[in-house]
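Asks: Hey, dropping final.tsv in here, TSV, C-alpha atoms:
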chain	number	residue	atom	x	y	z
A	1	MET	CA	6.69	75.00	-61.44
A	2	THR	CA	9.90	73.28	-60.37
A	3	TYR	CA	13.31	74.83	-60.87
A	4	GLN	CA	16.60	73.03	-61.37
A	5	VAL	CA	19.90	74.80	-60.78
A	6	VAL	CA	22.68	73.86	-63.18
A	7	ALA	CA	25.98	75.61	-62.65
A	8	SER	CA	29.63	75.39	-61.73
A	9	HIS	CA	30.61	75.31	-58.10
A	10	ARG	CA	31.65	78.50	-56.28
A	11	THR	CA	29.19	80.57	-58.31
A	12	GLY	CA	26.54	81.20	-55.62
A	13	SER	CA	24.61	78.10	-56.70
A	14	SER	CA	23.84	77.06	-53.10
A	15	LEU	CA	22.08	80.34	-52.36
A	16	LEU	CA	20.10	80.16	-55.58
A	17	ASN	CA	19.23	76.51	-54.91
A	18	HIS	CA	17.94	77.36	-51.40
A	19	TYR	CA	15.41	79.61	-53.06
A	20	ALA	CA	14.55	77.02	-55.70
A	21	ILE	CA	13.97	74.35	-53.04
A	22	ASP	CA	11.96	76.72	-50.89
A	23	HIS	CA	9.86	77.56	-53.92
A	24	ASN	CA	9.19	73.83	-54.29
A	25	ASP	CA	7.92	73.58	-50.69
A	26	GLY	CA	11.25	72.31	-49.44
A	27	PHE	CA	11.19	69.35	-51.78
A	28	GLY	CA	14.68	69.21	-53.19
A	29	PHE	CA	18.37	68.45	-52.75
A	30	HIS	CA	21.67	70.24	-52.77
A	31	GLU	CA	24.42	68.70	-54.88
A	32	LEU	CA	22.64	65.37	-55.21
A	33	PHE	CA	25.29	63.88	-57.49
A	34	LEU	CA	28.18	64.53	-55.15
A	35	LYS	CA	29.57	61.52	-53.30
A	36	PRO	CA	28.33	61.43	-50.68
A	37	ALA	CA	25.36	63.48	-51.73
A	38	SER	CA	24.59	66.64	-49.83
A	39	THR	CA	21.42	65.38	-48.23
A	40	GLU	CA	20.29	64.07	-44.87
A	41	ILE	CA	18.37	61.30	-46.60
A	42	GLN	CA	20.80	58.50	-45.94
A	43	SER	CA	19.39	56.18	-48.59
A	44	LEU	CA	20.24	58.81	-51.23
A	45	ARG	CA	23.37	60.10	-49.58
A	46	PHE	CA	25.31	56.95	-50.36
A	47	ALA	CA	23.45	55.87	-53.49
A	48	SER	CA	25.25	55.43	-56.80
A	49	THR	CA	24.73	57.87	-59.69
A	50	GLU	CA	22.64	55.17	-61.39
A	51	GLN	CA	20.44	54.83	-58.30
A	52	LYS	CA	20.05	58.59	-58.02
A	53	PHE	CA	18.88	58.80	-61.61
A	54	GLU	CA	16.47	55.90	-61.08
A	55	PHE	CA	15.08	57.73	-58.06
A	56	LEU	CA	14.65	61.05	-59.90
A	57	GLU	CA	13.22	59.45	-63.04
A	58	TYR	CA	10.76	57.28	-61.12
A	59	TYR	CA	9.29	60.21	-59.19
A	60	LYS	CA	9.28	62.48	-62.24
A	61	LYS	CA	7.03	59.88	-63.90
A	62	GLN	CA	4.85	59.93	-60.79
A	63	ASP	CA	4.53	63.71	-61.20
A	64	ILE	CA	6.54	64.21	-58.00
A	65	HIS	CA	9.30	66.72	-58.59
A	66	PHE	CA	12.40	67.83	-56.72
A	67	SER	CA	14.48	70.95	-57.09
A	68	ILE	CA	18.08	69.91	-57.27
A	69	LYS	CA	21.41	71.54	-57.88
A	70	VAL	CA	23.58	69.87	-60.46
A	71	PHE	CA	27.25	70.35	-61.14
A	72	PRO	CA	27.06	68.68	-64.55
A	73	CYS	CA	30.78	68.12	-64.91
A	74	ILE	CA	30.68	65.33	-62.32
A	75	VAL	CA	27.75	63.57	-64.02
A	76	ILE	CA	29.18	64.00	-67.53
A	77	THR	CA	32.48	62.46	-66.46
A	78	GLU	CA	30.61	59.37	-65.31
A	79	GLY	CA	28.90	59.02	-68.71
A	80	TYR	CA	25.42	60.18	-67.75
A	81	GLU	CA	25.22	63.35	-69.89
A	82	SER	CA	22.30	62.27	-72.09
A	83	ARG	CA	20.43	60.90	-69.09
A	84	LEU	CA	20.90	64.20	-67.27
A	85	LEU	CA	19.63	66.09	-70.32
A	86	ASP	CA	16.58	63.82	-70.41
A	87	TYR	CA	15.92	64.32	-66.71
A	88	LEU	CA	16.22	68.11	-66.92
A	89	ASP	CA	13.91	68.26	-69.92
A	90	GLY	CA	10.68	69.99	-69.03
A	91	TYR	CA	11.98	71.74	-65.93
A	92	LYS	CA	12.80	75.42	-65.61
A	93	ILE	CA	16.58	75.61	-65.60
A	94	LEU	CA	18.34	78.31	-63.65
A	95	THR	CA	22.04	79.01	-64.06
A	96	ILE	CA	24.58	81.61	-62.94
A	97	ASN	CA	27.14	83.59	-64.81
A	98	ARG	CA	30.17	84.37	-62.71
A	99	ASN	CA	33.61	85.50	-63.78
A	100	PRO	CA	35.55	82.22	-64.04
A	101	PHE	CA	38.62	83.70	-62.42
A	102	ASP	CA	36.60	84.90	-59.42
A	103	THR	CA	35.14	81.42	-59.28
A	104	PHE	CA	38.62	79.98	-59.25
A	105	LEU	CA	39.77	82.43	-56.57
A	106	SER	CA	36.91	81.31	-54.36
A	107	TYR	CA	37.85	77.69	-54.98
A	108	ALA	CA	41.56	78.34	-54.32
A	109	TYR	CA	40.74	80.22	-51.10
A	110	GLN	CA	38.61	77.32	-49.87
A	111	ASN	CA	41.42	74.91	-50.63
A	112	TYR	CA	43.82	77.13	-48.72
A	113	THR	CA	41.51	77.29	-45.69
A	114	TYR	CA	40.64	73.59	-45.93
A	115	TRP	CA	36.99	74.39	-46.72
A	116	LYS	CA	36.38	75.37	-43.09
A	117	ASN	CA	33.92	78.07	-44.19
A	118	SER	CA	32.60	76.99	-47.55
A	119	HIS	CA	29.73	79.48	-47.18
A	120	ARG	CA	29.37	82.69	-45.26
A	121	LEU	CA	26.59	82.22	-42.72
A	122	VAL	CA	24.18	85.09	-42.28
A	123	LYS	CA	23.83	84.84	-38.48
A	124	ASP	CA	27.20	83.51	-37.35
A	125	ASN	CA	29.58	85.77	-39.21
A	126	LYS	CA	32.93	84.21	-38.40
A	127	PHE	CA	34.02	83.87	-41.99
A	128	MET	CA	37.77	83.52	-42.10
A	129	GLU	CA	39.54	86.23	-44.11
A	130	VAL	CA	43.27	85.61	-44.35
A	131	SER	CA	46.06	86.41	-46.73
A	132	PHE	CA	46.83	83.44	-48.97
A	133	GLU	CA	48.94	82.25	-51.85
A	134	ILE	CA	47.00	80.74	-54.78
A	135	ASP	CA	48.00	77.21	-55.72
A	136	CYS	CA	48.30	77.18	-59.50
A	137	SER	CA	48.49	73.41	-59.92
A	138	SER	CA	44.73	72.98	-60.30
A	139	ILE	CA	44.13	75.79	-62.80
A	140	ARG	CA	44.01	73.56	-65.89
A	141	GLU	CA	41.67	71.03	-64.36
A	142	PHE	CA	39.44	73.77	-62.98
A	143	CYS	CA	39.25	75.47	-66.37
A	144	ASP	CA	38.42	72.19	-68.07
A	145	GLU	CA	35.55	71.65	-65.66
A	146	ILE	CA	34.16	75.12	-66.29
A	147	LYS	CA	34.40	74.63	-70.03
A	148	ALA	CA	32.64	71.27	-69.84
A	149	THR	CA	29.94	72.76	-67.64
A	150	ASN	CA	29.38	75.70	-69.94
A	151	LYS	CA	29.25	73.39	-72.94
A	152	PHE	CA	26.57	71.32	-71.23
A	153	ILE	CA	24.60	74.39	-70.17
A	154	ASP	CA	24.60	75.57	-73.78
A	155	LYS	CA	22.62	72.44	-74.65
A	156	LEU	CA	19.85	73.33	-72.20
A	157	ASP	CA	16.82	75.49	-72.64
A	158	ILE	CA	17.76	77.97	-69.94
A	159	HIS	CA	14.88	79.66	-68.17
A	160	LYS	CA	16.98	82.26	-66.37
A	161	THR	CA	20.66	83.10	-66.13
A	162	PHE	CA	21.53	85.06	-63.01
A	163	GLU	CA	24.57	87.28	-62.92
A	164	TYR	CA	26.55	86.55	-59.79
A	165	ALA	CA	26.09	90.13	-58.60
A	166	GLU	CA	22.33	89.69	-58.80
A	167	LEU	CA	22.32	86.98	-56.15
A	168	THR	CA	21.14	89.18	-53.36
A	169	VAL	CA	18.30	88.51	-50.97
A	170	PRO	CA	16.10	91.35	-52.26
A	171	ASN	CA	16.60	90.31	-55.87
A	172	LEU	CA	15.99	86.63	-55.19
A	173	ASN	CA	12.96	87.28	-53.01
A	174	LYS	CA	11.58	89.41	-55.79
A	175	TYR	CA	12.29	86.82	-58.45
A	176	PHE	CA	10.81	83.93	-56.47
A	177	LYS	CA	8.07	86.10	-54.95
A	178	SER	CA	9.28	84.80	-51.65
A	179	LYS	CA	9.99	85.89	-48.10
A	180	PHE	CA	12.63	83.25	-47.73
A	181	LYS	CA	15.47	84.11	-45.38
A	182	PRO	CA	18.62	82.33	-46.51
A	183	PHE	CA	21.20	81.33	-43.93
A	184	THR	CA	24.13	81.86	-46.30
A	185	SER	CA	25.23	84.83	-48.29
A	186	PRO	CA	27.95	85.56	-50.85
A	187	SER	CA	31.24	85.54	-49.02
A	188	GLY	CA	32.31	88.96	-50.33
A	189	VAL	CA	36.00	88.21	-49.73
A	190	ASP	CA	38.41	90.70	-51.26
A	191	TYR	CA	40.54	88.05	-52.97
A	192	LYS	CA	42.47	90.63	-54.95
A	193	ASN	CA	43.96	92.11	-51.78
A	194	LEU	CA	44.25	88.83	-49.86
A	195	ALA	CA	45.97	86.79	-52.60
A	196	THR	CA	49.69	87.38	-52.58
A	197	ASN	CA	50.14	86.16	-56.18
A	198	TYR	CA	46.91	87.50	-57.62
A	199	ALA	CA	48.23	89.18	-60.77
A	200	GLU	CA	50.50	86.29	-61.70
A	201	VAL	CA	47.77	83.68	-61.32
A	202	LYS	CA	45.20	85.75	-63.13
A	203	GLU	CA	47.36	85.83	-66.23
A	204	ILE	CA	47.96	82.09	-66.10
A	205	PHE	CA	44.27	81.39	-65.55
A	206	ASN	CA	43.01	83.60	-68.36
A	207	ASN	CA	45.57	82.07	-70.66
A	208	GLU	CA	44.31	78.62	-69.76
A	209	MET	CA	40.66	79.57	-69.86
A	210	HIS	CA	40.42	81.85	-72.86
A	211	GLY	CA	43.61	81.50	-74.75
A	212	SER	CA	46.55	83.84	-74.78
A	213	ARG	CA	46.14	87.14	-72.94
A	214	ASN	CA	42.36	87.18	-73.06
A	215	ARG	CA	41.08	89.94	-70.81
A	216	ALA	CA	37.43	89.49	-71.47
A	217	TYR	CA	36.55	89.19	-67.78
A	218	ASP	CA	38.57	92.13	-66.49
B	1	MET	CA	-67.61	-57.25	-2.72
B	2	ALA	CA	-65.30	-54.27	-2.31
B	3	GLU	CA	-66.09	-50.55	-2.44
B	4	PHE	CA	-64.46	-50.22	-5.90
B	5	SER	CA	-66.34	-53.23	-7.33
B	6	GLY	CA	-68.09	-52.34	-10.54
B	7	SER	CA	-66.52	-48.89	-10.87
B	8	ILE	CA	-62.77	-49.47	-11.43
B	9	ASN	CA	-61.06	-47.19	-13.91
B	10	THR	CA	-57.63	-48.76	-13.68
B	11	ALA	CA	-55.30	-50.59	-11.28
B	12	TYR	CA	-51.50	-51.07	-11.27
B	13	TYR	CA	-48.64	-51.97	-9.13
B	14	VAL	CA	-47.05	-49.04	-7.41
B	15	ASN	CA	-43.90	-50.47	-5.91
B	16	GLU	CA	-40.98	-52.45	-7.22
B	17	ASP	CA	-41.77	-55.75	-5.43
B	18	TYR	CA	-45.38	-55.67	-6.71
B	19	SER	CA	-46.86	-55.96	-3.22
B	20	LEU	CA	-49.12	-52.89	-3.47
B	21	ILE	CA	-51.76	-52.12	-6.06
B	22	GLU	CA	-53.33	-48.72	-6.57
B	23	VAL	CA	-56.93	-48.99	-7.69
B	24	VAL	CA	-58.47	-45.91	-9.31
B	25	TYR	CA	-62.23	-45.96	-9.34
B	26	THR	CA	-65.14	-43.48	-9.51
B	27	ASN	CA	-67.43	-43.36	-6.50
B	28	PRO	CA	-71.19	-42.65	-6.65
B	29	ASN	CA	-70.36	-38.94	-6.29
B	30	ASP	CA	-68.42	-39.18	-9.53
B	31	GLU	CA	-65.17	-38.51	-7.78
B	32	LYS	CA	-61.91	-40.24	-8.79
B	33	ILE	CA	-60.64	-42.22	-5.85
B	34	ASN	CA	-57.23	-43.83	-5.45
B	35	TYR	CA	-57.52	-46.92	-3.29
B	36	MET	CA	-54.55	-49.05	-2.16
B	37	VAL	CA	-54.84	-52.84	-2.14
B	38	GLU	CA	-52.22	-55.13	-0.59
B	39	VAL	CA	-51.39	-58.24	-2.65
B	40	GLY	CA	-52.22	-61.36	-0.79
B	41	ASP	CA	-55.02	-63.49	0.61
B	42	ASN	CA	-57.48	-60.67	1.38
B	43	ALA	CA	-61.00	-59.69	0.27
B	44	ASP	CA	-59.94	-56.54	-1.63
B	45	HIS	CA	-57.31	-58.41	-3.69
B	46	LYS	CA	-59.83	-61.17	-4.39
B	47	ALA	CA	-62.51	-58.65	-5.37
B	48	LEU	CA	-59.98	-56.95	-7.68
B	49	ILE	CA	-59.17	-60.26	-9.36
B	50	GLU	CA	-62.91	-60.91	-9.73
B	51	GLU	CA	-63.18	-57.56	-11.52
B	52	GLY	CA	-60.69	-58.90	-14.10
B	53	TYR	CA	-57.42	-57.50	-12.71
B	54	ASP	CA	-55.39	-60.66	-12.58
B	55	LEU	CA	-51.59	-60.64	-12.64
B	56	GLU	CA	-51.36	-60.31	-16.42
B	57	THR	CA	-53.80	-57.35	-16.57
B	58	LEU	CA	-52.15	-55.63	-13.62
B	59	LEU	CA	-48.75	-55.87	-15.36
B	60	GLU	CA	-50.16	-54.40	-18.55
B	61	ARG	CA	-51.87	-51.58	-16.65
B	62	THR	CA	-48.73	-50.98	-14.57
B	63	SER	CA	-46.69	-50.71	-17.74
B	64	GLU	CA	-49.21	-48.34	-19.28
B	65	TYR	CA	-49.36	-46.30	-16.08
B	66	LYS	CA	-45.60	-46.01	-15.99
B	67	ARG	CA	-45.42	-45.02	-19.65
B	68	VAL	CA	-48.12	-42.36	-19.25
B	69	HIS	CA	-46.77	-41.24	-15.95
B	70	ALA	CA	-43.24	-41.11	-17.29
B	71	GLY	CA	-44.45	-39.10	-20.33
B	72	ALA	CA	-46.40	-36.73	-18.14
B	73	LEU	CA	-43.50	-36.37	-15.78
B	74	GLY	CA	-41.11	-35.86	-18.66
B	75	ALA	CA	-43.41	-33.27	-20.14
B	76	LEU	CA	-43.66	-31.57	-16.79
B	77	VAL	CA	-39.93	-31.75	-16.32
B	78	ASN	CA	-39.38	-30.43	-19.80
B	79	GLU	CA	-41.89	-27.66	-19.26
B	80	GLN	CA	-40.33	-26.69	-15.99
B	81	ALA	CA	-36.85	-27.04	-17.41
B	82	GLN	CA	-37.77	-24.86	-20.37
B	83	ALA	CA	-39.31	-22.26	-18.09
B	84	LEU	CA	-36.24	-22.40	-15.97
B	85	ALA	CA	-34.05	-22.21	-19.01
B	86	GLU	CA	-36.05	-19.30	-20.35
B	87	GLU	CA	-35.85	-17.64	-17.00
B	88	MET	CA	-32.16	-18.32	-16.88
B	89	LEU	CA	-31.73	-17.20	-20.44
B	90	GLY	CA	-33.77	-14.09	-19.68
B	91	MET	CA	-31.68	-13.38	-16.66
B	92	LYS	CA	-28.55	-13.94	-18.62
B	93	HIS	CA	-29.75	-11.65	-21.36
B	94	MET	CA	-30.76	-9.12	-18.79
B	95	LYS	CA	-27.40	-9.48	-17.11
B	96	GLU	CA	-25.63	-9.20	-20.41
B	97	LEU	CA	-27.73	-6.23	-21.36
B	98	LYS	CA	-27.10	-4.71	-17.97
B	99	ALA	CA	-23.40	-5.34	-18.23
B	100	GLN	CA	-23.36	-3.90	-21.73
B	101	LEU	CA	-25.30	-0.87	-20.60
B	102	GLN	CA	-22.96	-0.48	-17.67
B	103	ILE	CA	-19.98	-0.65	-20.03
B	104	GLU	CA	-21.60	1.79	-22.39
B	105	ASN	CA	-22.46	4.02	-19.47
B	106	GLU	CA	-18.91	3.86	-18.23
B	107	GLN	CA	-17.61	4.49	-21.70
B	108	LEU	CA	-19.97	7.42	-22.06
B	109	GLY	CA	-18.85	8.66	-18.69
B	110	VAL	CA	-15.20	8.36	-19.66
B	111	ALA	CA	-15.88	9.96	-23.03
B	112	GLN	CA	-17.84	12.71	-21.33
B	113	LEU	CA	-15.03	13.22	-18.87
B	114	LYS	CA	-12.50	13.27	-21.67
B	115	ASN	CA	-14.69	15.64	-23.63
B	116	LYS	CA	-15.05	17.84	-20.62
B	117	GLU	CA	-11.30	17.84	-20.10
B	118	LYS	CA	-10.79	18.47	-23.80
B	119	ILE	CA	-13.28	21.31	-23.81
B	120	GLU	CA	-11.66	22.83	-20.73
B	121	LYS	CA	-8.22	22.44	-22.31
B	122	THR	CA	-9.42	23.98	-25.57
B	123	GLU	CA	-11.08	26.83	-23.71
B	124	LYS	CA	-7.85	27.45	-21.81
B	125	THR	CA	-5.85	27.35	-25.04
B	126	LEU	CA	-8.28	29.72	-26.73
B	127	LEU	CA	-8.17	32.06	-23.78
B	128	SER	CA	-4.40	31.92	-23.75
B	129	LEU	CA	-4.22	32.52	-27.50
B	130	ASP	CA	-6.70	35.33	-27.21
B	131	GLN	CA	-4.59	36.93	-24.52
B	132	ASP	CA	-1.44	36.38	-26.56
B	133	VAL	CA	-3.06	37.97	-29.59
B	134	LYS	CA	-4.23	40.91	-27.48
B	135	VAL	CA	-0.78	41.30	-25.98
B	136	LYS	CA	0.94	41.02	-29.32
B	137	THR	CA	-1.58	43.27	-31.01
B	138	ASN	CA	-1.09	45.85	-28.32
B	139	LYS	CA	2.67	45.52	-28.65
B	140	ILE	CA	2.51	45.92	-32.44
B	141	ASP	CA	0.13	48.81	-32.11
B	142	HIS	CA	2.32	50.43	-29.49
B	143	GLY	CA	5.37	49.69	-31.57
B	144	LEU	CA	3.87	51.40	-34.58
B	145	PHE	CA	2.78	54.45	-32.59
B	146	ASP	CA	6.05	54.60	-30.71
B	147	PHE	CA	7.92	54.38	-33.99
B	148	ILE	CA	5.89	57.14	-35.61
B	149	PHE	CA	6.41	59.38	-32.61
B	150	SER	CA	10.10	58.59	-32.38
B	151	VAL	CA	10.66	59.51	-36.04
B	152	ASN	CA	7.94	62.12	-36.29
B	153	GLU	CA	10.41	64.87	-37.18
B	154	ASP	CA	13.17	62.66	-38.54
B	155	LYS	CA	13.97	64.14	-41.94
B	156	GLU	CA	14.52	60.82	-43.69
B	157	GLU	CA	11.35	59.16	-42.38
B	158	LEU	CA	9.35	62.34	-42.94
B	159	PHE	CA	10.66	62.49	-46.49
B	160	LYS	CA	9.75	58.84	-47.09
B	161	PHE	CA	6.26	59.41	-45.73
B	162	LYS	CA	5.78	62.42	-47.98
B	163	LEU	CA	6.87	60.44	-51.02
B	164	TRP	CA	4.50	57.64	-50.09
B	165	ALA	CA	1.64	60.05	-49.50
B	166	LEU	CA	2.24	61.92	-52.76
B	167	GLU	CA	2.03	58.63	-54.64
B	168	GLN	CA	-1.43	57.84	-53.30
B	169	ASP	CA	-4.21	58.21	-55.87
B	170	VAL	CA	-6.25	60.33	-53.51
B	171	VAL	CA	-3.38	62.82	-53.24
B	172	LYS	CA	-2.61	62.74	-56.95
B	173	ALA	CA	-6.23	63.66	-57.58
B	174	ALA	CA	-6.15	66.43	-54.96
B	175	ASP	CA	-5.51	70.09	-55.75
B	176	LYS	CA	-2.09	71.74	-55.66
B	177	LYS	CA	-2.62	73.18	-52.17
B	178	ILE	CA	-2.93	69.72	-50.67
B	179	LYS	CA	0.22	68.49	-52.40
B	180	SER	CA	2.06	71.63	-51.39
B	181	SER	CA	0.99	71.31	-47.75
B	182	ILE	CA	2.15	67.67	-47.67
B	183	ARG	CA	5.52	68.69	-49.13
B	184	LYS	CA	5.84	71.47	-46.55
B	185	ALA	CA	4.86	69.33	-43.54
B	186	LYS	CA	7.39	69.39	-40.71
B	187	ARG	CA	6.12	66.24	-38.99
B	188	ILE	CA	4.76	62.88	-40.12
B	189	THR	CA	1.63	63.39	-38.01
B	190	GLU	CA	1.11	66.75	-39.67
B	191	ALA	CA	1.33	65.13	-43.12
B	192	MET	CA	-0.97	62.35	-41.92
B	193	ALA	CA	-3.55	64.89	-40.84
B	194	ILE	CA	-3.46	66.51	-44.29
B	195	LEU	CA	-3.85	63.10	-45.90
B	196	ASP	CA	-6.67	62.30	-43.50
B	197	SER	CA	-8.50	65.46	-44.51
B	198	ILE	CA	-8.97	64.20	-48.07
B	199	ILE	CA	-9.79	60.53	-47.54
Translate this structure into structure tokens?

Replies:
Amino acid sequence: MTYQVVASHRTGSSLLNHYAIDHNDGFGFHELFLKPASTEIQSLRFASTEQKFEFLEYYKKQDIHFSIKVFPCIVITEGYESRLLDYLDGYKILTINRNPFDTFLSYAYQNYTYWKNSHRLVKDNKFMEVSFEIDCSSIREFCDEIKATNKFIDKLDIHKTFEYAELTVPNLNKYFKSKFKPFTSPSGVDYKNLATNYAEVKEIFNNEMHGSRNRAYD
Amino acid sequence: MAEFSGSINTAYYVNEDYSLIEVVYTNPNDEKINYMVEVGDNADHKALIEEGYDLETLLERTSEYKRVHAGALGALVNEQAQALAEEMLGMKHMKELKAQLQIENEQLGVAQLKNKEKIEKTEKTLLSLDQDVKVKTNKIDHGLFDFIFSVNEDKEELFKFKLWALEQDVVKAADKKIKSSIRKAKRITEAMAILDSII
């Protein structure tokens, strides 16, 4: 049984994908379709999207499977939506439901701190927690990406949707029947108190994401 | 009466001025005797004439004697010459044969020498090639082993090896535990050992 993680970024997808890869005996990739891809395999790291699909499709036919994490928005933008749907067909798809505004706050915080600590490490806990002002200029684009991702996920036969709060080590070990010890954990940053323009941005974001004054995620 | 009277076989002149006559007669012992008679006023010459050997007969017999003698001599000369010629021809043939054999022997010797040199050269070349092959084979073998050890835990090479191994028919036909252990392998040699266990 091979899992594929399909989600938006800043939703805890890396932690979930660690488990998925471990469940597949370490045979998998993080963010394969990023450029460069998040892998130490140099031949894939700098491969084109076309080459990455050829690689995945070839080995799928050979009954050799990889667990990968896909941010579909990137692939869809390049015109590979149907090919991605074909590739994912037959695999057990895992996804994550996280409040879009929290997702955006995480993204905005990383932009503010120049992505110096994109994940909180379990052992070396030097995660930077600083007061910050949210940059609103990327809200529309971010919301569009989430919408496109959700639209794509709706087309999939989802095996399991994790709530963001469920992404804890005990829960994941139980789900995957694993003793895996992840080296990252949810950052747990109190964005509400650290963001100096929290309330203002939240209103703008929800307006962009859900239409006027939607409070569905409060 | 002379001693040859009544028993003359023949008589002829034996010198160019016809002053000596050789009389051949058979004595009572039946032996052929050559008896010389000087021409002139003597009893022997007179007795010879009385026996019928006047000047005319002597000339005829001299001529006959010369013809026979010349023929016999010629035959003898021819016989001896032929023998000599045959001997000479035989010698020549022998010499030619000897010379030819010597040439052939020399040629064989040269060819043998050349062959020997060629064989030695070929043997040296073969030995050299054999050594080269051994050296190169060892280098290749070492290179392969060195390479495997140098990349034994290299993630990219390990990943490539796993993909290659998982594509092998023997692995495809193996149970899930084998495939799983190959995927989990931390070193190429570890994955090789798993592959080795099923071949």

Asks: Using all atoms listed in the file, determine which residues of chain A fall within 10 Å of chain B; present them as a list in words.

Replies: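 Putting it all together, I get Asp22, Asn24, Asp25, Gly26, Phe27, Thr39, Glu40, Ile41, Gln42, Ser43, Leu44, Tyr59, Gln62, Asp63 and Ile64 of chain A.
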
Asks: Could you pull the residues within 12 Å of Phe29 of chain A, counting only C-alpha atoms, minus those fewer than 5 positions along the same chain, as a list in words?

Replies: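 These residues fall inside the cut-off: Tyr3, Gln4, Val5, Ser14, Asn17, His18, Tyr19, Ala20, Ile21, Asp22, Asn24, Leu34, Ala37, Ser38, Thr39, Glu40, Ile41, Leu44, Arg45, Lys52, Leu56, His65, Phe66, Ser67, Ile68, Lys69 and Val70 of chain A; Phe159 of chain B.
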
Asks: Would you mind exporting C-alpha atoms of the selected residues as a PDB file, in the coordinates of the input?

Replies:
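The resulting file, part-v2.pdb, is reproduced below:
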ATOM      1  CA  TYR A   3      13.310  74.830 -60.870  1.00  0.00           C
ATOM      2  CA  GLN A   4      16.600  73.030 -61.370  1.00  0.00           C
ATOM      3  CA  VAL A   5      19.900  74.800 -60.780  1.00  0.00           C
ATOM      4  CA  SER A  14      23.840  77.060 -53.100  1.00  0.00           C
ATOM      5  CA  ASN A  17      19.230  76.510 -54.910  1.00  0.00           C
ATOM      6  CA  HIS A  18      17.940  77.360 -51.400  1.00  0.00           C
ATOM      7  CA  TYR A  19      15.410  79.610 -53.060  1.00  0.00           C
ATOM      8  CA  ALA A  20      14.550  77.020 -55.700  1.00  0.00           C
ATOM      9  CA  ILE A  21      13.970  74.350 -53.040  1.00  0.00           C
ATOM     10  CA  ASP A  22      11.960  76.720 -50.890  1.00  0.00           C
ATOM     11  CA  ASN A  24       9.190  73.830 -54.290  1.00  0.00           C
ATOM     12  CA  LEU A  34      28.180  64.530 -55.150  1.00  0.00           C
ATOM     13  CA  ALA A  37      25.360  63.480 -51.730  1.00  0.00           C
ATOM     14  CA  SER A  38      24.590  66.640 -49.830  1.00  0.00           C
ATOM     15  CA  THR A  39      21.420  65.380 -48.230  1.00  0.00           C
ATOM     16  CA  GLU A  40      20.290  64.070 -44.870  1.00  0.00           C
ATOM     17  CA  ILE A  41      18.370  61.300 -46.600  1.00  0.00           C
ATOM     18  CA  LEU A  44      20.240  58.810 -51.230  1.00  0.00           C
ATOM     19  CA  ARG A  45      23.370  60.100 -49.580  1.00  0.00           C
ATOM     20  CA  LYS A  52      20.050  58.590 -58.020  1.00  0.00           C
ATOM     21  CA  LEU A  56      14.650  61.050 -59.900  1.00  0.00           C
ATOM     22  CA  HIS A  65       9.300  66.720 -58.590  1.00  0.00           C
ATOM     23  CA  PHE A  66      12.400  67.830 -56.720  1.00  0.00           C
ATOM     24  CA  SER A  67      14.480  70.950 -57.090  1.00  0.00           C
ATOM     25  CA  ILE A  68      18.080  69.910 -57.270  1.00  0.00           C
ATOM     26  CA  LYS A  69      21.410  71.540 -57.880  1.00  0.00           C
ATOM     27  CA  VAL A  70      23.580  69.870 -60.460  1.00  0.00           C
TER      28      VAL A  70
ATOM     29  CA  PHE B 159      10.660  62.490 -46.490  1.00  0.00           C
TER      30      PHE B 159
END

Asks: Between atom CA of Leu85 of chain A and atom CA of Ser8 of chain A, what is the distance, to one decimal in Å?

Replies: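 Going from atom CA of Leu85 of chain A over to atom CA of Ser8 of chain A, I get 16.1 Å.
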
Asks: Can you tell me which residues surround segment 147-155 of chain A at a distance of at most 9 Å, considering all atoms listed in the file, apart from same-chain residues fewer than 5 positions away, and format the answer as a ChimeraX atom specification?

Replies: /A:6-8,71-73,76,81,85,95,142,209

Asks: Between atom CA of Gln107 of chain B and atom CA of Leu126 of chain B, measure the distance and give it in Å to one decimal.

Replies: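 Rounded to one decimal, the two atoms are 27.4 Å apart.
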
Asks: Measuring atom to atom with only C-alpha atoms, identify which of B:Ala174, B:Leu48, B:Ala99, B:Leu58 is nearest to Ser197 of chain B.

Replies: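 Result for the nearest residue to Ser197 of chain B: B:Ala174.
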
Asks: Just the number, please: distance in Å from atom CA of Ala47 of chain B to atom CA of Gly6 of chain B, one decimal.

Replies: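 Rounded to one decimal, the two atoms are 9.9 Å apart.
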
Asks: For Thr2 of chain A, which of A:Arg98, A:Lys202, A:His159, A:Lys116 is the closest residue, counting only C-alpha atoms?

Replies: A:His159

Asks: Please determine, counting all atoms listed in the file, which residue among B:Met1, B:Leu129, B:Leu101, B:Val170 has the shortest atom-to-atom distance to Glu51 of chain B.

Replies: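 Checking each of B:Met1, B:Leu129, B:Leu101, B:Val170 against Glu51 of chain B, counting all atoms listed in the file, the winner is B:Met1.
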
Asks: Neighbouring residues of Thr62 of chain B were defined as those with any atom within 12 Å, considering all atoms listed in the file; residues of the same chain fewer than 6 positions away were excluded. Please report them as a VMD selection string.

Replies: chain B and resid 10 to 16 18 20 to 23 53 to 56 68 to 70

Asks: With all atoms listed in the file as the basis for distance, which of A:Ala195, A:Ile146, A:Leu94, A:Val169 is at the shortest distance from Phe183 of chain A?

Replies: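 When distances to Phe183 of chain A are compared using all atoms listed in the file, the smallest one comes from A:Val169.
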
Asks: Neighbouring residues of Leu15 of chain A were defined as those with any atom within 12 Å, considering only C-alpha atoms; residues of the same chain fewer than 4 positions away were excluded. Please report them as number ranges by chain.

Replies: A: 5, 7, 9-11, 19-22, 30, 69, 95-96, 119-122, 162, 164, 166-169, 171-173, 180-187
